[in-house]
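Structure file query35.cif with mmCIF, C-alpha atoms:
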```cif
data_data
loop_
_atom_site.label_atom_id
_atom_site.label_comp_id
_atom_site.auth_asym_id
_atom_site.auth_seq_id
_atom_site.Cartn_x
_atom_site.Cartn_y
_atom_site.Cartn_z
CA MET J 26 -41.68 27.39 55.49
CA ALA J 27 -39.72 24.29 56.53
CA SER J 28 -39.07 24.17 60.27
CA ILE J 29 -36.87 22.03 62.48
CA ARG J 30 -38.51 20.40 65.46
CA CYS J 31 -37.57 17.87 68.12
CA ARG J 32 -39.41 14.72 69.16
CA LYS J 33 -40.11 14.70 72.89
CA ASP J 34 -39.94 10.91 73.16
CA SER J 35 -36.57 10.39 71.47
CA GLY J 36 -34.92 13.83 71.49
CA LEU J 37 -34.20 13.51 67.74
CA LEU J 38 -34.70 16.30 65.25
CA PHE J 39 -37.12 16.16 62.32
CA LEU J 40 -38.13 18.41 59.42
CA ASP J 41 -41.66 19.77 59.33
CA PHE J 42 -42.85 21.32 56.03
CA ARG J 43 -45.77 21.50 53.62
CA TYR J 44 -45.69 20.11 50.09
CA HIS J 45 -48.64 20.02 47.66
CA GLY J 46 -50.92 21.15 50.45
CA GLN J 47 -49.92 18.27 52.69
CA ARG J 48 -48.02 18.49 55.97
CA CYS J 49 -44.84 16.39 55.82
CA ARG J 50 -42.62 15.29 58.68
CA GLU J 51 -39.30 13.58 57.96
CA GLN J 52 -37.32 12.10 60.83
CA THR J 53 -33.53 12.20 61.28
CA LEU J 54 -31.11 10.43 63.61
CA LEU J 55 -29.58 13.72 64.77
CA PRO J 56 -29.96 14.52 68.48
CA GLU J 57 -31.05 17.96 69.62
CA THR J 58 -27.94 20.17 69.65
CA PRO J 59 -27.27 23.68 68.30
CA ALA J 60 -24.75 22.27 65.85
CA ASN J 61 -27.18 19.69 64.49
CA ARG J 62 -29.91 22.31 64.16
CA ALA J 63 -27.54 24.51 62.17
CA ARG J 64 -26.65 21.63 59.85
CA LEU J 65 -30.24 20.61 59.37
CA GLN J 66 -31.19 24.22 58.69
CA LYS J 67 -29.03 24.13 55.56
CA LEU J 68 -31.02 21.18 54.30
CA ALA J 69 -34.29 22.93 55.18
CA ASP J 70 -33.23 26.04 53.24
CA ARG J 71 -32.40 24.02 50.14
CA LEU J 72 -35.66 22.10 50.47
CA GLU J 73 -37.68 25.32 50.74
CA ARG J 74 -35.85 26.83 47.80
CA ALA J 75 -36.49 23.77 45.64
CA ILE J 76 -40.20 23.79 46.49
CA ASN J 77 -40.51 27.49 45.62
CA GLN J 78 -38.68 26.99 42.32
CA GLY J 79 -40.78 23.96 41.43
CA THR J 80 -37.77 21.67 41.23
CA PHE J 81 -38.39 19.70 44.41
CA VAL J 82 -38.45 15.91 44.00
CA TYR J 83 -39.33 14.10 47.19
CA ALA J 84 -37.13 11.08 46.51
CA ASP J 85 -34.08 13.27 45.95
CA PHE J 86 -34.21 14.61 49.48
CA PHE J 87 -35.76 11.64 51.31
CA PRO J 88 -35.17 8.50 49.21
CA ASP J 89 -36.10 6.14 52.06
CA SER J 90 -39.35 7.90 52.93
CA SER J 91 -42.68 6.21 52.23
CA ARG J 92 -43.81 9.48 50.61
CA ALA J 93 -41.03 9.21 48.02
CA LYS J 94 -42.95 6.46 46.24
CA ASP J 95 -45.89 8.72 45.34
CA GLY J 96 -44.03 11.98 44.95
CA GLY J 97 -44.99 13.21 48.42
CA GLU J 98 -48.76 12.86 47.90
CA SER J 99 -50.53 11.26 50.83
CA ASP J 100 -53.87 11.05 48.97
CA LYS J 101 -53.39 8.08 46.63
CA GLY J 102 -56.72 8.78 44.91
CA ASN J 103 -55.64 12.11 43.53
CA PRO J 104 -52.83 12.54 41.00
CA PRO J 105 -49.77 14.38 42.21
CA ALA J 106 -50.05 18.12 41.91
CA GLN J 107 -48.46 19.52 38.82
CA LYS J 108 -45.06 21.09 39.44
CA THR J 109 -44.88 24.68 38.41
CA GLY J 110 -41.95 26.95 38.08
CA PRO J 111 -41.80 30.73 38.36
CA ALA J 112 -44.25 32.69 36.26
CA ASN J 113 -43.62 32.80 32.50
CA THR J 114 -40.97 30.05 32.66
CA PRO J 115 -41.18 26.57 31.15
CA HIS J 116 -41.67 23.51 33.31
CA PRO J 117 -38.34 22.82 35.00
CA SER J 118 -38.46 19.09 34.28
CA ALA J 119 -38.22 19.90 30.59
CA GLU J 120 -34.84 21.51 31.11
CA ALA J 121 -33.24 20.13 34.27
CA PRO J 122 -32.56 16.47 35.14
CA SER J 123 -34.58 14.95 37.95
CA THR J 124 -31.49 14.22 40.04
CA PRO J 125 -30.07 16.74 42.52
CA THR J 126 -26.87 18.61 41.92
CA PHE J 127 -23.65 17.25 43.35
CA SER J 128 -23.52 19.92 46.05
CA GLU J 129 -27.12 19.26 47.09
CA PHE J 130 -26.63 15.56 47.48
CA ALA J 131 -23.17 15.97 49.04
CA GLU J 132 -24.67 18.18 51.75
CA LEU J 133 -27.24 15.50 52.53
CA TRP J 134 -24.53 12.81 52.48
CA PHE J 135 -22.42 14.93 54.84
CA ILE J 136 -25.28 15.29 57.36
CA GLU J 137 -25.97 11.56 57.26
CA SER J 138 -22.29 10.68 57.71
CA GLU J 139 -21.48 13.08 60.54
CA PRO J 140 -22.49 10.79 63.42
CA ARG J 141 -19.78 8.25 62.53
CA TRP J 142 -16.92 10.76 62.23
CA ARG J 143 -14.55 12.19 64.78
CA LYS J 144 -14.64 15.96 65.14
CA GLN J 145 -11.26 16.44 63.49
CA HIS J 146 -12.19 14.22 60.56
CA ARG J 147 -15.54 15.97 60.20
CA GLU J 148 -13.85 19.35 59.90
CA ALA J 149 -11.34 17.98 57.39
CA MET J 150 -14.17 16.59 55.25
CA ARG J 151 -15.98 19.92 55.37
CA GLN J 152 -12.88 21.75 54.16
CA THR J 153 -12.30 19.21 51.40
CA LEU J 154 -15.84 19.57 50.09
CA ASP J 155 -15.71 23.36 50.09
CA ARG J 156 -12.18 23.72 48.77
CA PHE J 157 -11.89 20.94 46.18
CA LEU J 158 -15.15 19.24 45.25
CA PHE J 159 -17.82 21.93 45.19
CA PRO J 160 -15.90 24.35 42.92
CA TYR J 161 -15.56 21.63 40.28
CA PHE J 162 -18.68 19.42 40.66
CA GLY J 163 -21.00 21.56 42.77
CA LYS J 164 -23.46 22.76 40.09
CA LYS J 165 -23.39 19.58 38.01
CA TYR J 166 -26.38 17.23 38.29
CA LEU J 167 -25.52 13.70 39.37
CA SER J 168 -26.88 12.30 36.13
CA GLU J 169 -24.61 14.62 34.11
CA ILE J 170 -21.28 13.75 35.77
CA THR J 171 -19.23 11.46 33.55
CA ARG J 172 -16.02 9.47 33.75
CA ALA J 173 -14.36 12.23 31.73
CA ASP J 174 -15.36 14.75 34.41
CA LEU J 175 -13.67 12.66 37.09
CA LEU J 176 -10.49 12.23 35.08
CA GLY J 177 -10.50 15.94 34.30
CA PHE J 178 -10.86 16.75 37.99
CA ARG J 179 -7.92 14.49 38.81
CA ALA J 180 -5.79 16.13 36.14
CA GLU J 181 -6.67 19.59 37.44
CA ILE J 182 -5.89 18.96 41.10
CA ALA J 183 -2.65 17.24 40.13
CA LYS J 184 -1.45 20.65 38.92
CA ARG J 185 -2.29 22.42 42.17
CA LYS J 186 0.44 23.38 44.55
CA GLY J 187 0.40 22.07 48.08
CA ARG J 188 2.70 22.72 50.99
CA ALA J 189 6.01 24.44 50.23
CA GLY J 190 4.89 24.95 46.63
CA GLN J 191 5.00 21.24 45.80
CA SER J 192 2.37 19.43 43.74
CA LEU J 193 -0.20 17.32 45.56
CA SER J 194 1.07 13.83 46.26
CA GLY J 195 -0.44 10.75 44.68
CA LYS J 196 -1.72 9.72 48.10
CA ARG J 197 -3.57 13.02 48.56
CA ILE J 198 -5.05 12.89 45.05
CA ASN J 199 -6.23 9.31 45.61
CA LYS J 200 -7.98 10.36 48.83
CA LEU J 201 -9.80 13.17 47.03
CA MET J 202 -10.85 10.83 44.25
CA ALA J 203 -12.01 8.23 46.76
CA LEU J 204 -14.23 10.85 48.42
CA VAL J 205 -15.79 11.93 45.10
CA LYS J 206 -16.40 8.33 44.12
CA ALA J 207 -17.97 7.49 47.50
CA ILE J 208 -20.45 10.36 47.19
CA LEU J 209 -21.27 9.52 43.58
CA GLU J 210 -21.71 5.81 44.28
CA GLU J 211 -24.19 6.54 47.06
CA GLY J 212 -26.04 9.15 45.02
CA CYS J 213 -26.20 7.03 41.89
CA GLU J 214 -27.41 4.01 43.81
CA ARG J 215 -30.27 6.02 45.30
CA HIS J 216 -31.30 7.37 41.90
CA GLY J 217 -30.85 4.21 39.83
CA LEU J 218 -27.72 5.38 38.01
CA THR J 219 -24.39 3.77 37.26
CA SER J 220 -21.55 5.52 39.04
CA PRO J 221 -19.06 7.08 36.59
CA GLY J 222 -16.23 6.36 39.05
CA ARG J 223 -16.29 2.61 38.58
CA GLY J 224 -13.13 1.24 37.00
CA ILE J 225 -10.97 4.31 37.63
CA LYS J 226 -7.79 2.98 39.21
CA PRO J 227 -5.87 4.99 41.81
CA LEU J 228 -2.55 6.60 41.03
CA LYS J 229 0.63 4.86 42.09
CA GLN J 230 1.80 6.15 45.43
CA LYS J 231 5.33 6.65 46.63
CA ARG J 232 6.50 4.42 49.41
CA SER J 233 5.91 5.89 52.84
CA ASP J 234 8.57 8.43 53.76
CA VAL J 235 10.15 6.63 56.70
CA GLN J 236 13.32 8.20 58.10
CA PRO J 237 13.92 6.60 61.51
CA PHE J 238 16.72 7.55 63.88
CA SER J 239 19.42 5.09 64.85
CA LEU J 240 19.78 3.97 68.46
CA GLU J 241 22.83 6.20 68.83
CA GLU J 242 20.85 9.17 67.51
CA VAL J 243 18.01 8.38 69.91
CA ASP J 244 20.46 8.58 72.82
CA ARG J 245 21.77 11.92 71.57
CA LEU J 246 18.26 13.35 71.14
CA ILE J 247 17.19 12.39 74.66
CA ALA J 248 20.43 13.57 76.24
CA THR J 249 20.45 16.94 74.45
CA VAL J 250 16.81 18.07 74.47
CA ARG J 251 15.61 20.60 77.04
CA GLU J 252 15.16 18.95 80.41
CA ASP J 253 11.45 19.71 80.56
CA PHE J 254 10.91 17.86 77.27
CA ARG J 255 13.24 14.92 77.99
CA PRO J 256 10.49 12.61 79.38
CA TYR J 257 8.23 13.54 76.45
CA LEU J 258 10.86 12.55 73.86
CA THR J 259 11.74 9.39 75.75
CA VAL J 260 8.14 8.20 75.76
CA ARG J 261 7.58 9.00 72.10
CA LEU J 262 10.86 7.52 70.85
CA LEU J 263 10.50 4.28 72.80
CA THR J 264 6.75 3.59 72.62
CA GLY J 265 5.82 4.78 69.12
CA LEU J 266 2.81 6.78 70.33
CA ARG J 267 1.28 9.01 67.70
CA THR J 268 1.51 12.76 68.34
CA GLY J 269 -2.10 13.11 69.45
CA GLU J 270 -1.88 9.97 71.59
CA ALA J 271 1.18 11.21 73.49
CA ASP J 272 -0.32 14.69 73.92
CA GLY J 273 -3.59 13.13 75.13
CA LEU J 274 -2.04 11.00 77.89
CA GLN J 275 -3.53 11.67 81.32
CA TRP J 276 -2.25 10.54 84.70
CA SER J 277 -5.28 8.27 85.03
CA ASP J 278 -3.88 6.33 82.06
CA ILE J 279 -0.63 5.52 83.85
CA ASP J 280 -0.56 2.47 86.16
CA PHE J 281 2.81 2.25 87.88
CA ASP J 282 1.73 -0.81 89.88
CA ALA J 283 0.92 -2.77 86.73
CA ASN J 284 3.77 -1.05 84.83
CA THR J 285 1.46 -0.09 81.95
CA LEU J 286 0.06 2.93 80.18
CA LYS J 287 -3.27 3.10 78.33
CA VAL J 288 -4.02 4.88 75.08
CA GLU J 289 -7.62 6.08 75.39
CA ARG J 290 -7.84 9.39 73.52
CA THR J 291 -6.03 11.91 71.36
CA GLN J 292 -5.40 15.60 71.86
CA SER J 293 -5.01 18.34 69.26
CA ARG J 294 -5.77 22.02 68.79
CA ASN J 295 -9.38 20.96 68.28
CA GLY J 296 -9.52 19.51 71.78
CA ASP J 297 -10.03 15.96 73.01
CA GLY J 298 -10.77 13.36 70.38
CA ASP J 299 -11.16 9.64 69.90
CA THR J 300 -8.30 7.41 68.76
CA LYS J 301 -7.64 6.91 65.07
CA THR J 302 -9.23 3.44 65.03
CA GLU J 303 -10.73 1.11 67.60
CA SER J 304 -7.54 -0.99 67.58
CA SER J 305 -5.63 2.17 68.52
CA LYS J 306 -7.09 1.87 72.02
CA ARG J 307 -4.48 -0.26 73.73
CA VAL J 308 -2.42 -1.01 76.84
CA ILE J 309 1.37 -0.78 76.57
CA THR J 310 3.86 -2.35 78.96
CA MET J 311 6.46 0.22 79.96
CA VAL J 312 10.14 -0.56 79.39
CA PRO J 313 12.39 0.66 82.26
CA GLN J 314 13.44 3.83 80.39
CA VAL J 315 9.81 4.84 79.76
CA ARG J 316 8.81 4.16 83.34
CA ALA J 317 11.75 6.22 84.63
CA ALA J 318 10.80 9.09 82.31
CA LEU J 319 7.20 9.11 83.55
CA GLU J 320 8.33 8.97 87.17
CA THR J 321 10.52 11.99 86.49
CA GLN J 322 7.63 13.77 84.80
CA ARG J 323 5.40 13.07 87.79
CA LYS J 324 7.75 15.01 90.06
CA PHE J 325 7.05 18.15 88.06
CA ALA J 326 3.31 17.57 87.61
CA ILE J 327 1.08 20.59 88.19
CA PRO J 328 -1.56 19.97 90.90
CA ASP J 329 -5.01 19.20 89.47
CA CYS J 330 -3.62 19.03 85.93
CA LEU J 331 -4.93 15.96 84.09
CA TRP J 332 -2.28 15.91 81.40
CA VAL J 333 0.98 13.99 81.70
CA PHE J 334 2.74 16.33 79.28
CA HIS J 335 1.70 19.96 79.57
CA THR J 336 2.80 23.56 79.28
CA MET J 337 3.85 25.65 82.26
CA HIS J 338 0.24 26.84 82.50
CA GLY J 339 -1.17 23.31 82.68
CA HIS J 340 -2.46 23.10 79.10
CA PRO J 341 -1.76 20.17 76.74
CA ILE J 342 1.32 20.49 74.55
CA ASP J 343 0.69 22.46 71.35
CA VAL J 344 2.12 20.38 68.53
CA VAL J 345 2.96 23.39 66.35
CA ASN J 346 4.86 25.18 69.09
CA PHE J 347 6.73 22.01 70.05
CA THR J 348 7.69 21.30 66.45
CA ASN J 349 8.92 24.80 65.64
CA ARG J 350 10.44 25.82 68.97
CA VAL J 351 11.84 22.56 70.32
CA TRP J 352 11.99 19.76 67.77
CA TYR J 353 13.46 21.42 64.67
CA PRO J 354 16.01 23.51 66.64
CA LEU J 355 17.13 20.30 68.38
CA LEU J 356 17.72 18.49 65.08
CA ARG J 357 19.65 21.43 63.65
CA HIS J 358 21.75 21.69 66.80
CA LEU J 359 22.72 18.00 66.55
CA GLY J 360 23.35 18.20 62.81
CA LEU J 361 20.65 15.63 62.08
CA LYS J 362 18.47 15.64 58.99
CA VAL J 363 15.36 17.69 59.64
CA ARG J 364 12.24 15.52 59.69
CA PRO J 365 8.78 15.80 61.32
CA PRO J 366 8.15 14.56 64.87
CA TYR J 367 6.12 11.64 63.51
CA GLN J 368 9.43 9.98 62.65
CA MET J 369 9.73 9.19 66.36
CA ARG J 370 6.95 6.65 65.85
CA HIS J 371 8.80 5.13 62.90
CA THR J 372 11.94 5.01 65.01
CA ALA J 373 10.27 3.01 67.78
CA ALA J 374 8.82 0.57 65.24
CA THR J 375 12.13 -0.11 63.49
CA LEU J 376 14.05 -0.48 66.76
CA MET J 377 11.51 -2.98 68.10
CA LEU J 378 11.62 -5.04 64.91
CA ALA J 379 15.41 -4.88 64.62
CA SER J 380 15.74 -6.17 68.19
CA GLY J 381 13.91 -9.33 67.18
CA GLU J 382 10.55 -8.67 68.89
CA ASN J 383 7.56 -10.63 67.65
CA PRO J 384 5.91 -8.57 64.85
CA GLU J 385 2.45 -9.24 66.31
CA TRP J 386 3.57 -7.74 69.62
CA VAL J 387 5.05 -4.74 67.83
CA ALA J 388 1.79 -4.25 65.92
CA SER J 389 -0.20 -4.29 69.15
CA VAL J 390 2.13 -1.74 70.77
CA LEU J 391 1.76 0.58 67.77
CA GLY J 392 -2.01 0.15 67.62
CA HIS J 393 -2.21 -1.74 64.33
CA SER J 394 -4.88 -4.40 63.92
CA THR J 395 -2.56 -6.60 61.79
CA THR J 396 1.12 -6.92 60.92
CA GLU J 397 0.51 -6.00 57.28
CA MET J 398 1.58 -2.37 57.68
CA LEU J 399 4.71 -3.36 59.61
CA PHE J 400 6.09 -5.45 56.79
CA ARG J 401 4.93 -3.04 54.10
CA VAL J 402 6.37 0.10 55.70
CA TYR J 403 9.25 -0.98 57.93
CA SER J 404 10.68 -4.21 56.54
CA ARG J 405 13.42 -2.54 54.50
CA PHE J 406 14.88 -1.03 57.66
CA VAL J 407 15.32 -4.41 59.35
CA PRO J 408 18.13 -6.43 57.65
CA ASN J 409 17.12 -9.74 59.21
CA LEU J 410 13.65 -9.40 57.72
CA THR J 411 14.61 -8.09 54.31
CA ARG J 412 17.51 -10.32 53.19
CA SER J 413 16.69 -11.09 49.57
CA ASP J 414 19.87 -12.67 48.19
CA GLY J 415 19.30 -16.19 49.52
CA ARG J 416 22.28 -16.11 51.88
CA ALA J 417 20.21 -16.73 54.99
CA PHE J 418 18.55 -19.77 53.40
CA THR J 419 21.87 -21.02 52.02
CA GLY J 420 23.44 -20.63 55.43
CA LEU J 421 20.68 -22.69 57.00
CA LEU J 422 21.09 -25.47 54.44
CA ASN J 423 24.89 -25.45 54.72
CA SER J 424 24.70 -25.60 58.50
CA ASN J 425 22.36 -28.55 58.34
CA ALA J 426 24.59 -30.29 55.75
CA ALA J 427 27.68 -29.74 57.91
CA LYS J 428 25.96 -31.33 60.90
CA SER J 429 24.96 -34.32 58.79
CA GLU J 430 28.52 -34.78 57.47
CA ALA J 431 29.94 -34.59 60.98
CA THR J 432 27.49 -37.23 62.15
CA ASP J 433 28.31 -39.51 59.21
CA ALA J 434 32.05 -39.05 59.71
CA THR J 435 31.80 -39.95 63.38
CA ALA J 436 29.77 -43.02 62.60
CA ALA J 437 32.18 -44.13 59.83
CA ALA J 438 35.47 -43.59 61.73
CA PRO J 439 37.06 -46.90 62.98
CA ASP J 440 37.51 -47.48 66.74
CA PRO J 441 41.29 -48.25 67.27
CA ILE J 442 40.78 -49.83 70.71
CA ALA J 443 38.08 -52.16 69.44
CA ASN J 444 40.61 -53.87 67.08
CA MET J 445 43.40 -54.34 69.72
CA THR J 446 44.34 -57.72 71.12
CA ILE J 447 44.14 -58.38 74.84
CA ALA J 448 47.91 -58.09 75.18
CA GLU J 449 47.90 -54.75 73.41
CA LYS J 450 45.10 -53.43 75.60
CA THR J 451 46.98 -54.58 78.74
CA ALA J 452 50.14 -52.82 77.63
CA LEU J 453 48.22 -49.64 76.84
CA LEU J 454 46.58 -49.68 80.27
CA ALA J 455 49.95 -50.18 81.99
CA GLU J 456 51.44 -47.28 80.08
CA LEU J 457 48.56 -44.99 81.01
CA THR J 458 48.93 -45.99 84.69
CA ARG J 459 52.66 -45.25 84.61
CA GLN J 460 52.04 -41.78 83.10
CA ILE J 461 49.44 -40.96 85.78
CA GLN J 462 51.78 -42.07 88.60
CA ALA J 463 54.64 -40.04 87.15
CA ALA J 464 52.43 -36.98 86.95
CA ASN J 465 51.34 -37.41 90.58
CA GLY J 466 54.99 -37.80 91.68
CA ASP J 467 55.96 -34.56 89.98
CA ARG J 468 53.11 -32.73 91.71
CA HIS J 469 54.16 -33.99 95.17
CA ALA J 470 57.78 -33.01 94.50
CA ASN J 471 56.72 -29.47 93.59
CA ASN J 472 54.67 -29.17 96.78
#
```
For this file, write the structure as structure tokens.
Amino acid sequence: MASIRCRKDSGLLFLDFRYHGQRCREQTLLPETPANRARLQKLADRLERAINQGTFVYADFFPDSSRAKDGGESDKGNPPAQKTGPANTPHPSAEAPSTPTFSEFAELWFIESEPRWRKQHREAMRQTLDRFLFPYFGKKYLSEITRADLLGFRAEIAKRKGRAGQSLSGKRINKLMALVKAILEEGCERHGLTSPGRGIKPLKQKRSDVQPFSLEEVDRLIATVREDFRPYLTVRLLTGLRTGEADGLQWSDIDFDANTLKVERTQSRNGDGDTKTESSKRVITMVPQVRAALETQRKFAIPDCLWVFHTMHGHPIDVVNFTNRVWYPLLRHLGLKVRPPYQMRHTAATLMLASGENPEWVASVLGHSTTEMLFRVYSRFVPNLTRSDGRAFTGLLNSNAAKSEATDATAAAPDPIANMTIAEKTALLAELTRQIQAANGDRHANN
């Protein structure tokens, strides 16, 4: 029976089992936690089942193990023990491929990948495997999955209905395909196969659905929303914080002396989490309206409550309740097109760009590592950045040409005084003196 044990020196879990009469120990990088034990138990159950059925191949489960080279036999002098299946059944290798099934390898891949995932992403991956991939590929052996299988899977999920009865978007389908291909590429590489996903191009995706509010609409939203949510909307509309980032703000992140706020974490129904990417951790300088909103929020802060924005009971804002009970009713009340709260982030981005701010600064405020996404997603909402008829360039050239012509004309124009005789210059000076004296006389007479 395979058991799960923990190393005293490192605190890491390892599998302890017997195969071909030999005791085998295979290390993992998973620390000792109940959750990790539960995950590793699934692998141990599959391992035990494969050994009992005679289908266990050491390299399939532990490809990097030194035992994988000799089939799990530690005694190099003796040939590997003959695999046997259940009584009165043919040798399994004569019927089944030597590679594991998709579900078997995907479970191993999932365990190995967990340490690098955020909790929310880990749960999403688990749901995706169980809901989409295992029903279609689960029982297929890696060596049996073909390019036609992948294309068939894509065609099938394209017919499924998503939210509000609509078909899955091209973006969602591409993400599912990317996950299948990632698992297959890793599995095929370990077993010396060519991945059937190579060369399959992603579907064309619709341009991001960006529906920002105008500055006038922003003013109306802030002025009309419930008073207890006014600071929350102000911060989101003018900083571009993501939903989880705004909900995860704590008072320790706000520095009124330095006039900055830090983005250090996210908050969702699953609890505290890390930011989307490392570049999402950032420090934002507060504009006066944001600072004023946070100062107002501080007056109503609940003692000992860590969260900047919270419910009356001191809990973080629940995004679903806010969306359904505050946000959508507010849009309907103002007669504005209904759109998700995430459009507040798009609004901040377009307003910053339209005001002429440096795109690199805007990218840093939004938590983007580069400006690529700014120009790809938001450029069409900023006229100065998206002029494509040549008028801006023509205007620049015409302005430069006009300056050159004016300079040439000034240089070419004759100087009338330079060509006068001395007598003419003397007469002109006398006339100018007379006019000045006459003007001074009139001024004295009026006084």
### Selection result for the PyMOL selection byres ((chain J and resi 323) around 12) on this file, as a ChimeraX atom specification
/J:253,256-257,275-276,279,281,316-322,324-328,330-335
## Note on the structure
Pairwise distance, atom CA of J:Met377 with atom CA of J:Gln230, equals 26.3 Å
Apply the PyMOL selection byres ((chain J and resi 52) around 12) to the structure shown and report the selected residues as a PDB file with C-alpha atoms, keeping the file's coordinate frame.
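So the final result, stored in selection.pdb, reads:
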```
ATOM      1  CA  ILE J  29     -36.870  22.030  62.480  1.00  0.00           C
ATOM      2  CA  ARG J  30     -38.510  20.400  65.460  1.00  0.00           C
ATOM      3  CA  CYS J  31     -37.570  17.870  68.120  1.00  0.00           C
ATOM      4  CA  ARG J  32     -39.410  14.720  69.160  1.00  0.00           C
ATOM      5  CA  SER J  35     -36.570  10.390  71.470  1.00  0.00           C
ATOM      6  CA  GLY J  36     -34.920  13.830  71.490  1.00  0.00           C
ATOM      7  CA  LEU J  37     -34.200  13.510  67.740  1.00  0.00           C
ATOM      8  CA  LEU J  38     -34.700  16.300  65.250  1.00  0.00           C
ATOM      9  CA  PHE J  39     -37.120  16.160  62.320  1.00  0.00           C
ATOM     10  CA  LEU J  40     -38.130  18.410  59.420  1.00  0.00           C
ATOM     11  CA  ASP J  41     -41.660  19.770  59.330  1.00  0.00           C
ATOM     12  CA  PHE J  42     -42.850  21.320  56.030  1.00  0.00           C
ATOM     13  CA  CYS J  49     -44.840  16.390  55.820  1.00  0.00           C
ATOM     14  CA  ARG J  50     -42.620  15.290  58.680  1.00  0.00           C
ATOM     15  CA  GLU J  51     -39.300  13.580  57.960  1.00  0.00           C
ATOM     16  CA  THR J  53     -33.530  12.200  61.280  1.00  0.00           C
ATOM     17  CA  LEU J  54     -31.110  10.430  63.610  1.00  0.00           C
ATOM     18  CA  LEU J  55     -29.580  13.720  64.770  1.00  0.00           C
ATOM     19  CA  PRO J  56     -29.960  14.520  68.480  1.00  0.00           C
ATOM     20  CA  LEU J  65     -30.240  20.610  59.370  1.00  0.00           C
ATOM     21  CA  PHE J  87     -35.760  11.640  51.310  1.00  0.00           C
ATOM     22  CA  ASP J  89     -36.100   6.140  52.060  1.00  0.00           C
ATOM     23  CA  SER J  90     -39.350   7.900  52.930  1.00  0.00           C
ATOM     24  CA  SER J  91     -42.680   6.210  52.230  1.00  0.00           C
ATOM     25  CA  GLU J 137     -25.970  11.560  57.260  1.00  0.00           C
TER      26      GLU J 137
END
```
### Task
Take the PyMOL selection byres ((chain J and resi 158) around 10), apply it to the structure above, and return the hits as a count of residues only.
19
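Coordinates place atom CA of J:Arg223 at a distance of 18.8 Å from atom CA of J:Gly195.
Nearest residue to J:Arg350 among J:Arg251, J:Arg215, J:His393, J:Arg179 is J:Arg251, counting all atoms listed in the file.
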Determine, counting all atoms listed in the file, every residue of protein, DNA or RNA that lies within 9 Å of (14.1, 3.7, 64.7) in the file coordinates, then give the result as a compact mmCIF listing (two decimals) with C-alpha atoms, in the frame of the given file.
```txt
# COMPACT_ATOMS: atom_id res chain seq x y z
CA GLN J 236 13.32 8.20 58.10
CA PRO J 237 13.92 6.60 61.51
CA PHE J 238 16.72 7.55 63.88
CA SER J 239 19.42 5.09 64.85
CA LEU J 240 19.78 3.97 68.46
CA VAL J 243 18.01 8.38 69.91
CA LEU J 262 10.86 7.52 70.85
CA LEU J 263 10.50 4.28 72.80
CA GLN J 368 9.43 9.98 62.65
CA MET J 369 9.73 9.19 66.36
CA ARG J 370 6.95 6.65 65.85
CA HIS J 371 8.80 5.13 62.90
CA THR J 372 11.94 5.01 65.01
CA ALA J 373 10.27 3.01 67.78
CA ALA J 374 8.82 0.57 65.24
CA THR J 375 12.13 -0.11 63.49
CA LEU J 376 14.05 -0.48 66.76
CA MET J 377 11.51 -2.98 68.10
CA ALA J 379 15.41 -4.88 64.62
CA PHE J 406 14.88 -1.03 57.66
```
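Picture a line from atom CA of J:Gln78 to atom CA of J:Ser28; it runs 18.2 Å.
Proximity to J:Val315 was assessed for J:Leu361, J:Thr300, J:Thr259, J:Phe347 counting all atoms listed in the file; the smallest distance is recorded for J:Thr259.
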### Query
Could you name the residues that touch J:Leu266 at 10 Å or less, counting all atoms listed in the file, but leaving out those on the same chain fewer than 4 positions away, as a VMD selection string?
chain J and resid 260 to 262 270 to 272 274 288 305 309 367 369 to 371 373 390 to 392
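Residue nearest J:Ser304 within the list J:Leu355, J:Ile342, J:Ala388, J:Leu218: J:Ala388 [criterion: smallest interatomic distance, only C-alpha atoms].
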### Task
Could you tell me which of J:Val351, J:Leu209, J:Leu175, J:Ala180 comes closest to J:Leu246 if we count all atoms listed in the file?
J:Val351
### Task
With a distance cut-off of 10 Å and all atoms listed in the file, select the neighbouring residues of J:Gly217, excluding the residue or stretch itself and same-chain residues fewer than 4 positions from it, and output the selection as a list in words.
Ser168, Gly212 and Cys213 of chain J
#### Entry: Spatial neighbours of J:Phe135, 10 Å, all atoms listed in the file, chain gap at least 4 places, as a ChimeraX atom specification
/J:64,130-131,139-140,147,150-151,154,208
### Message
So, with all atoms listed in the file as the atoms that count, which of J:Arg185, J:Arg459, J:Arg141, J:His216 lies closest to J:Ala93?
### Response
J:His216
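For the choices J:Gln292, J:Asn77, J:Thr285, J:Thr446, the atom-to-atom distance to J:Pro341 is smallest for J:Gln292 when using all atoms listed in the file.
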